[in-house]
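Novice: Here's a structure for you.
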Amino acid sequence: MSESEQAQFDLIVVGGGSGGLAGAFRAAEHGARVALLEPSLLGGTCVNVGCVPKKAMWLAADIGAKLRMAQSLGFAVDAPPQQPCELDWPTFIVHRQRYIAGIHDSYRKRLDKAGIVVAPMRARLLDARTVECENGARMGAARILIATGGHAVKPAIPGAELGGTSDDFFQWTAAPKRVAIVGAGYIAVELAGVLQALGSQVELFARGQRLLEGFDHELTAQLADDYCQSGVRLHFGHAVAALEADGARVRVRGADGALGEAFDKVLFATGRKPNSAGLGLENAGVELDANGFVRIDELNATRVAGIDAVGDVTPDPPLTPVAIAAARRLMDRLYGGGSAKLDRNDIPTVVFAHPPIGKVGLTEDEARARWGDNLHIYRAGFRPMLYALAESPQRSLFKLVCVGQERRVVGIHLLGEAADEMLQGFAVALKRGITLDDLRDTVALHPTSAEEVVLMR
């Protein structure tokens, strides 16, 4: 097929997740002719089996916890004291999926309005300017954006097929009685909190000695204590060597050979891999690193002129807002005359644990490695008012990491009720270079948890 017979565009986007959609929409805003290829549901991991349904389940679990506290405070709640308020999962899932369907519909309307050609099929690169769809049709473009995301993986251990991943969790219609979660990162911690709050007995198996490597060690220790108080059983230093069937249930065998009690479900939260295979990237000369990520520079460009990549298929932080921000800035540079690039420093992030934990900037360990003892550390440990009223043992811990004589704030770490909502504003302040005195000069909002950030001494 000659080039004249191919459909020609300014930009072809391979992948319709958050990064791909953001890039397609922004390029179209600047007048580019755009085609987007996505064989599955629009929105990728985040909308379909990630951020959105996860937050919906977190909200359901949070409501259940609030109902239990309401009962202890005198409200008439029809549930046994201190027991989880039963959730009708099928009913809630109807609401969750209705919300997600609304997002899909919004995407379709925006794509149509923007004049973006959508091909619901797989594609591979034939060269640096040509993409072939699975039906044999070919498209050409001056530029190609790779935004195919990533996928959950299971460890290579005997019996791994007996366990599921976070993708499987979103197919459940009830809380299993006993659940084992293997892992200690974002997904493991989030699912453990949700399931325990919704009525499961959760046991978490971590290879290392702590939760959430990369977060401040003091906050993760407090989170572990909060989880233990809620009933989650944590097994640190417990490498899982195999899963074994026990009738319809599953047992976890440790690296030490010990075989534990049977679980109704086992979930692996042991990592994700980029969706870089089968795309024909080698035909265009696009390089992958040892882990299969597309190699990019600070501008999200590959070493092949005209081919860029964003999102979880790259080594960038695997966060939806990072993919969106990178894609928008890229398109502004390519088609809008802009010059901004993604600032990969001081990216805020939150884990929707129970309670949420978030950070922006450096941990104490990271700051100490950079500046030695020229640090000032401030902490505030407390019980939020609602938990104190309900006599719940759950505690919050806030921490500031400051450097130098001016005590410039280089790290803000929050664990507790509403930490996810309050961190955004403080992240802006940190990026603007605030000092501890700036925080202390700000009048506190009382009574709130957020005031603890500006009252630390």
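Following the order of the structure tokens, first chain is A, next is B, and so on, with residues numbered from 1 inside each chain and ligands from 1 in the order they appear.
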Fewer than 3 positions away in the same chain doesn't count, so skip those; otherwise give me all residues within 10 Å of segment 130-140 of chain A, counting only C-alpha atoms, as a VMD selection string.

Specialist: chain A and resid 1 to 14 35 37 39 119 to 127 143 to 144 279 to 280 284

Novice: Tell me, as an NGL selection string, which residues lie within 12 Å of Arg96 of chain A, counting only C-alpha atoms; anything in the same chain fewer than 5 positions away does not count.

Specialist: :A and (47-49 or 52-60 or 89-91 or 101-103 or 170-171)

Novice: Grab the residues selected above and save them as a PDB file, in the first residue's frame with N, CA and C atoms.

Specialist:
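Dumped everything to out-v9.pdb:
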ATOM      1  N   VAL A  47      -9.179   4.347  34.941  1.00  0.00           N
ATOM      2  CA  VAL A  47     -10.634   4.449  34.933  1.00  0.00           C
ATOM      3  C   VAL A  47     -11.301   3.098  35.148  1.00  0.00           C
ATOM      4  N   ASN A  48     -10.700   2.033  34.638  1.00  0.00           N
ATOM      5  CA  ASN A  48     -11.399   0.756  34.592  1.00  0.00           C
ATOM      6  C   ASN A  48     -11.016  -0.238  35.678  1.00  0.00           C
ATOM      7  N   VAL A  49      -9.730  -0.329  36.010  1.00  0.00           N
ATOM      8  CA  VAL A  49      -9.299  -1.279  37.043  1.00  0.00           C
ATOM      9  C   VAL A  49      -8.233  -0.647  37.940  1.00  0.00           C
ATOM     10  N   VAL A  52     -10.078   4.928  39.715  1.00  0.00           N
ATOM     11  CA  VAL A  52     -11.494   5.267  39.876  1.00  0.00           C
ATOM     12  C   VAL A  52     -12.263   4.186  40.631  1.00  0.00           C
ATOM     13  N   PRO A  53     -12.278   2.923  40.175  1.00  0.00           N
ATOM     14  CA  PRO A  53     -13.007   1.919  40.960  1.00  0.00           C
ATOM     15  C   PRO A  53     -12.381   1.683  42.325  1.00  0.00           C
ATOM     16  N   LYS A  54     -11.056   1.830  42.419  1.00  0.00           N
ATOM     17  CA  LYS A  54     -10.388   1.697  43.721  1.00  0.00           C
ATOM     18  C   LYS A  54     -10.883   2.746  44.699  1.00  0.00           C
ATOM     19  N   LYS A  55     -10.963   4.005  44.240  1.00  0.00           N
ATOM     20  CA  LYS A  55     -11.429   5.066  45.134  1.00  0.00           C
ATOM     21  C   LYS A  55     -12.898   4.854  45.490  1.00  0.00           C
ATOM     22  N   ALA A  56     -13.668   4.325  44.565  1.00  0.00           N
ATOM     23  CA  ALA A  56     -15.074   4.028  44.871  1.00  0.00           C
ATOM     24  C   ALA A  56     -15.167   3.001  45.993  1.00  0.00           C
ATOM     25  N   MET A  57     -14.354   1.947  45.918  1.00  0.00           N
ATOM     26  CA  MET A  57     -14.377   0.933  46.968  1.00  0.00           C
ATOM     27  C   MET A  57     -13.840   1.500  48.282  1.00  0.00           C
ATOM     28  N   TRP A  58     -12.854   2.368  48.193  1.00  0.00           N
ATOM     29  CA  TRP A  58     -12.326   3.021  49.395  1.00  0.00           C
ATOM     30  C   TRP A  58     -13.410   3.865  50.056  1.00  0.00           C
ATOM     31  N   LEU A  59     -14.176   4.576  49.244  1.00  0.00           N
ATOM     32  CA  LEU A  59     -15.263   5.397  49.794  1.00  0.00           C
ATOM     33  C   LEU A  59     -16.312   4.521  50.474  1.00  0.00           C
ATOM     34  N   ALA A  60     -16.624   3.375  49.861  1.00  0.00           N
ATOM     35  CA  ALA A  60     -17.588   2.471  50.484  1.00  0.00           C
ATOM     36  C   ALA A  60     -17.071   1.984  51.830  1.00  0.00           C
ATOM     37  N   TRP A  89     -22.726  -5.610  47.943  1.00  0.00           N
ATOM     38  CA  TRP A  89     -21.774  -5.352  46.867  1.00  0.00           C
ATOM     39  C   TRP A  89     -22.436  -5.194  45.500  1.00  0.00           C
ATOM     40  N   PRO A  90     -23.330  -6.085  45.083  1.00  0.00           N
ATOM     41  CA  PRO A  90     -23.929  -5.910  43.753  1.00  0.00           C
ATOM     42  C   PRO A  90     -24.595  -4.546  43.576  1.00  0.00           C
ATOM     43  N   THR A  91     -25.286  -4.081  44.616  1.00  0.00           N
ATOM     44  CA  THR A  91     -25.923  -2.764  44.508  1.00  0.00           C
ATOM     45  C   THR A  91     -24.880  -1.668  44.368  1.00  0.00           C
ATOM     46  N   ALA A 101     -19.203   4.255  33.522  1.00  0.00           N
ATOM     47  CA  ALA A 101     -19.842   4.361  32.208  1.00  0.00           C
ATOM     48  C   ALA A 101     -20.032   5.818  31.814  1.00  0.00           C
ATOM     49  N   GLY A 102     -20.300   6.675  32.797  1.00  0.00           N
ATOM     50  CA  GLY A 102     -20.426   8.102  32.526  1.00  0.00           C
ATOM     51  C   GLY A 102     -19.116   8.702  32.035  1.00  0.00           C
ATOM     52  N   ILE A 103     -17.996   8.217  32.595  1.00  0.00           N
ATOM     53  CA  ILE A 103     -16.687   8.689  32.142  1.00  0.00           C
ATOM     54  C   ILE A 103     -16.448   8.246  30.701  1.00  0.00           C
ATOM     55  N   PHE A 170     -11.664  -6.347  41.168  1.00  0.00           N
ATOM     56  CA  PHE A 170     -12.789  -5.544  40.697  1.00  0.00           C
ATOM     57  C   PHE A 170     -13.893  -6.374  40.048  1.00  0.00           C
ATOM     58  N   GLN A 171     -13.692  -7.680  39.983  1.00  0.00           N
ATOM     59  CA  GLN A 171     -14.752  -8.580  39.511  1.00  0.00           C
ATOM     60  C   GLN A 171     -15.500  -9.222  40.669  1.00  0.00           C
TER      61      GLN A 171
END

Novice: Compile the contact shell of segment 147-157 of chain A as a PyMOL selection string: residues with an atom at most 7 Å away, counting only C-alpha atoms, same-chain residues fewer than 6 positions apart removed.

Specialist: chain A and resi 14-15+19-20+165+241-242+268+270-275+309-313

Novice: Among the residues of segment 226-261 of chain A, find those DSSP assigns to alpha helix (DSSP H) from the backbone and print them as a list in words.

Specialist: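 Of segment 226-261 of chain A, the ones in alpha helix (DSSP H) are Asp226, Tyr227, Cys228, Gln229 and Ser230 of chain A.
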
Novice: Since we have the selection now, will you write its residues out, keeping N, CA and C atoms, as a PDB file, in the first residue's frame?

Specialist:
ATOM      1  N   ASP A 226      -1.873   1.327  62.896  1.00  0.00           N
ATOM      2  CA  ASP A 226      -3.294   1.572  62.633  1.00  0.00           C
ATOM      3  C   ASP A 226      -3.950   0.348  62.005  1.00  0.00           C
ATOM      4  N   TYR A 227      -3.235  -0.298  61.074  1.00  0.00           N
ATOM      5  CA  TYR A 227      -3.788  -1.480  60.432  1.00  0.00           C
ATOM      6  C   TYR A 227      -3.955  -2.622  61.429  1.00  0.00           C
ATOM      7  N   CYS A 228      -2.974  -2.792  62.284  1.00  0.00           N
ATOM      8  CA  CYS A 228      -3.098  -3.839  63.301  1.00  0.00           C
ATOM      9  C   CYS A 228      -4.282  -3.562  64.223  1.00  0.00           C
ATOM     10  N   GLN A 229      -4.481  -2.294  64.567  1.00  0.00           N
ATOM     11  CA  GLN A 229      -5.620  -1.925  65.412  1.00  0.00           C
ATOM     12  C   GLN A 229      -6.945  -2.237  64.730  1.00  0.00           C
ATOM     13  N   SER A 230      -6.964  -2.145  63.394  1.00  0.00           N
ATOM     14  CA  SER A 230      -8.202  -2.420  62.659  1.00  0.00           C
ATOM     15  C   SER A 230      -8.422  -3.905  62.418  1.00  0.00           C
TER      16      SER A 230
END

Novice: Please provide the set of residues having any atom within 9 Å of Asp88 of chain A, restricted to only C-alpha atoms, with same-chain residues fewer than 5 positions apart removed, written as a ChimeraX atom specification.

Specialist: /A:93,173-174

Novice: How about saving the chosen residues, N, CA and C atoms kept, as a compact mmCIF listing (two decimals), in the first residue's frame?

Specialist:
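Saved result, result19.txt, follows:
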# COMPACT_ATOMS: atom_id res chain seq x y z
N ILE A 93 -21.83 -1.98 43.26
CA ILE A 93 -21.14 -2.11 41.98
C ILE A 93 -21.94 -1.48 40.85
N THR A 173 -17.92 -9.79 43.86
CA THR A 173 -19.26 -9.28 44.20
C THR A 173 -19.57 -9.46 45.69
N ALA A 174 -18.56 -9.81 46.47
CA ALA A 174 -18.73 -9.96 47.92
C ALA A 174 -17.34 -9.96 48.55

Novice: So which one's closest to Tyr186 of chain A, A:Val117, A:Ser276, A:Phe215, A:Tyr99? Using only C-alpha atoms, please.

Specialist: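 Among A:Val117, A:Ser276, A:Phe215, A:Tyr99, it is A:Phe215 that comes nearest to Tyr186 of chain A.
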
Novice: Mind pulling up the distance from atom CA of Ser200 of chain A to atom CA of Ala239 of chain A?

Specialist: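 For atom CA of Ala239 of chain A relative to atom CA of Ser200 of chain A, the distance reads 22.3 Å.
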
Novice: How close does each residue of segment 177-290 of chain A get to segment 398-403 of chain A, giving the shortest atom pair and distance in Å to one decimal for every residue with an atom at most 10 Å away, counting only C-alpha atoms, sorted by chain and residue number, as a tab-separated table?

Specialist:
residue	atom	partner	partner_atom	distance
A:Asp216	CA	A:Lys399	CA	8.8
A:Glu218	CA	A:Lys399	CA	8.8
A:Leu219	CA	A:Phe398	CA	7.7

Novice: Write to file, as a compact mmCIF listing (two decimals), in the first residue's frame, the residues of the selection just made, with C-alpha atoms.

Specialist:
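For reference, again14.txt as written:
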# COMPACT_ATOMS: atom_id res chain seq x y z
CA ASP A 216 8.71 8.07 55.43
CA GLU A 218 7.89 6.84 60.84
CA LEU A 219 4.58 7.29 59.03

Novice: From the list A:Glu86, A:Glu451, A:Asp343, A:Asp441, which residue is nearest Arg329 of chain A when using only C-alpha atoms?

Specialist: A:Asp343

Novice: With only C-alpha atoms as the basis for distance, which of A:Leu389, A:Pro447, A:Leu204, A:Tyr107 is at the shortest distance from Met69 of chain A?

Specialist: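 When distances to Met69 of chain A are compared using only C-alpha atoms, the smallest one comes from A:Leu389.
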
Novice: May I ask which of the residues A:Val410, A:Val182, A:Cys85, A:Val252 is the closest one to Arg432 of chain A, counting only C-alpha atoms?

Specialist: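 Among the listed residues, the smallest separation from Arg432 of chain A belongs to A:Val410.
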
Novice: Looking at only C-alpha atoms, which of A:Ala160, A:Ala128, A:Leu211, A:Ile187 is the one that sits closest to Ile307 of chain A?

Specialist: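 For Ile307 of chain A, the nearest of the given residues is A:Ala128.
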
Novice: Can you tell me which residues surround segment 359-366 of chain A at a distance of at most 6 Å, considering only C-alpha atoms, apart from same-chain residues fewer than 4 positions away, and format the answer as a JSON list (two decimals) with N, CA and C atoms, in the first residue's frame?

Specialist:
[["chain", "number", "residue", "atom", "x", "y", "z"],
["A", 216, "ASP", "N", 7.97, 7.85, 54.20],
["A", 216, "ASP", "CA", 8.71, 8.07, 55.43],
["A", 216, "ASP", "C", 8.50, 6.91, 56.41],
["A", 346, "ASP", "N", 9.49, 16.73, 43.28],
["A", 346, "ASP", "CA", 8.44, 17.09, 44.25],
["A", 346, "ASP", "C", 7.04, 16.79, 43.72],
["A", 347, "ILE", "N", 6.87, 15.61, 43.19],
["A", 347, "ILE", "CA", 5.54, 15.17, 42.74],
["A", 347, "ILE", "C", 4.78, 14.62, 43.94],
["A", 348, "PRO", "N", 3.63, 15.19, 44.27],
["A", 348, "PRO", "CA", 2.87, 14.67, 45.41],
["A", 348, "PRO", "C", 2.20, 13.35, 45.06],
["A", 349, "THR", "N", 2.03, 12.51, 46.07],
["A", 349, "THR", "CA", 1.35, 11.23, 45.85],
["A", 349, "THR", "C", 0.66, 10.80, 47.13],
["A", 410, "VAL", "N", 11.45, 20.80, 52.69],
["A", 410, "VAL", "CA", 11.78, 19.95, 51.55],
["A", 410, "VAL", "C", 10.99, 18.65, 51.56],
["A", 411, "GLY", "N", 10.21, 18.42, 52.60],
["A", 411, "GLY", "CA", 9.39, 17.23, 52.66],
["A", 411, "GLY", "C", 8.19, 17.43, 53.56],
["A", 412, "ILE", "N", 7.02, 17.07, 53.06],
["A", 412, "ILE", "CA", 5.79, 17.12, 53.85],
["A", 412, "ILE", "C", 5.16, 15.73, 53.79],
["A", 413, "HIS", "N", 4.91, 15.16, 54.96],
["A", 413, "HIS", "CA", 4.42, 13.78, 55.05],
["A", 413, "HIS", "C", 3.21, 13.74, 55.97]]

Novice: Which residues come within 9 Å of Lys431 of chain A, counting only C-alpha atoms, excluding same-chain residues fewer than 2 positions away, as a ChimeraX atom specification?

Specialist: /A:345-346,361,410,426-429,433-434

Novice: Just give me the gap between atom CA of Leu87 of chain A and atom CA of Val351 of chain A in Å, one decimal is fine.

Specialist: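 Atom CA of Leu87 of chain A sits 22.8 Å away from atom CA of Val351 of chain A.
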